[in-house]
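Student: Here it is, the structure in full.
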Amino acid sequence: MDDKPANGRSGGWKQDPAGVRKNILAVAMAEFAANGLSGARIDEIAAKTSTSKRMIYYYFGDKEGLYRRVLEEAYREVRAGEQELELDHVPPVEALKLLAEFTFDHHSRHPDFIRLVMIENIHHGAYLERSELIRPLNAGAVQKLETICRRGREVGVFREDVTPLQLHWHISAMSFFNVSNRTSFSHIFGTDLFSAGGQEALKKQMVEMVVGLALKPHRRSRGSAESRRHFRGDTK
């Protein structure tokens, strides 16, 4: 019988609709990441939730509607994490460092997010285009970098010819590849880079490359002592 109550309580979905939607999205995210849009089944998702198939359709319309909402939630989570960094009052070099570190760590901890993005690329971004939320939601990522870059230029440490969008691309590319190609890379070259120590080294190198790209050339050439001062935000 397809009327299983949410949270094991009769009428529970009426008492906690937000909780029910959150539960559905969490289960659906794992299912879509593992099986893709075509391979995921609403019956399987419903069986793993605290609600029913009927309520999934009630909240999300159909499987494609649920998939689109899962994409939105995945992007919302990463953008919310960036906002929680509260970088507006952090010196610009340190702010860029923290943002790059966050992205690397987030992607490493959320492989389902990476798989969903890979799946959406297989669909040529069709469901991203149908979403009214994803584009404005992700605009905040570049806007945050725009603020960091503007502050860095104002204090004379950042280049004028490196754009926030370019920096976002570099941060995303290295953080994404670290997860998306982990299996194939490991089979071919071994797993050393994916040990705890290997991941810390990769993260440090990625941050150094991104910050080095943003810094003016003469700032990069002053050696390690100067570099350490930049990471503390000391531009004197």
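Ordering of the structure tokens sets the chain letters (A, B, ...); residue numbers start at 1 within each chain; ligands are numbered from 1 in the order shown.
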Report as a PyMOL selection string all protein, DNA and RNA residues lying within 12 Å of His110 of chain A, evaluated on only C-alpha atoms, omitting residues in the same chain fewer than 5 positions from it.

Tutor: chain A and resi 29-30+33+74-75+77-78+102-105+115-117+175-176+178-180

Student: Check the DSSP output for the backbone and give back, as an MDAnalysis selection string, the residues of segment 6-236 of chain A in alpha helix (DSSP H).

Tutor: chainID A and resid 12:15 17:39 42:48 53:60 63:83 92:109 111:122 126:130 134:154 164:180 182:189 196:214 217:220 223:231

Student: What are the closest atom pairs, with distances in Å to one decimal, for each residue of segment 107-180 of chain A lying within 10 Å of segment 35-51 of chain A, using only C-alpha atoms, rows by chain and rising residue number, as JSON lines?

Tutor:
```
{"residue": "A:Arg115", "atom": "CA", "partner": "A:Gly36", "partner_atom": "CA", "distance": 8.7}
{"residue": "A:Leu116", "atom": "CA", "partner": "A:Gly36", "partner_atom": "CA", "distance": 7.7}
{"residue": "A:Met118", "atom": "CA", "partner": "A:Gly36", "partner_atom": "CA", "distance": 9.5}
{"residue": "A:Ile119", "atom": "CA", "partner": "A:Gly36", "partner_atom": "CA", "distance": 6.3}
{"residue": "A:Glu120", "atom": "CA", "partner": "A:Gly36", "partner_atom": "CA", "distance": 8.8}
{"residue": "A:Ile122", "atom": "CA", "partner": "A:Gly36", "partner_atom": "CA", "distance": 9.6}
{"residue": "A:His123", "atom": "CA", "partner": "A:Leu37", "partner_atom": "CA", "distance": 9.2}
```

Student: Find the residues around Met209 of chain A up to 10 Å (only C-alpha atoms counted), leave out those fewer than 6 positions away in its own chain, and share them as a PyMOL selection string.

Tutor: chain A and resi 170-171+203+215

Student: Any idea what's packed within 8 Å of Asn138 of chain A, counting only C-alpha atoms, ignoring anything in its chain fewer than 3 positions away? Could you give it as JSON, numbers by chain?

Tutor: {"A": [75, 79, 134, 135, 141, 142]}

Student: What lies within 10 Å of Asp161 of chain A using only C-alpha atoms, ignoring chain neighbours under 3 positions off, as an MDAnalysis selection string?

Tutor: chainID A and resid 158 164 166 214 216

Student: Give the answer as one residue: which of A:Leu66, A:Ala18, A:Ala34, A:Val211 has the shortest atom-to-atom distance to Phe113 of chain A, using only C-alpha atoms?

Tutor: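 Nearest candidate to Phe113 of chain A out of A:Leu66, A:Ala18, A:Ala34, A:Val211: A:Ala34.
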
Student: For Tyr59 of chain A, which residue among A:Pro217, A:Pro17, A:Pro92, A:Gly198 is the nearest when counting only C-alpha atoms?

Tutor: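 Nearest candidate to Tyr59 of chain A out of A:Pro217, A:Pro17, A:Pro92, A:Gly198: A:Pro17.
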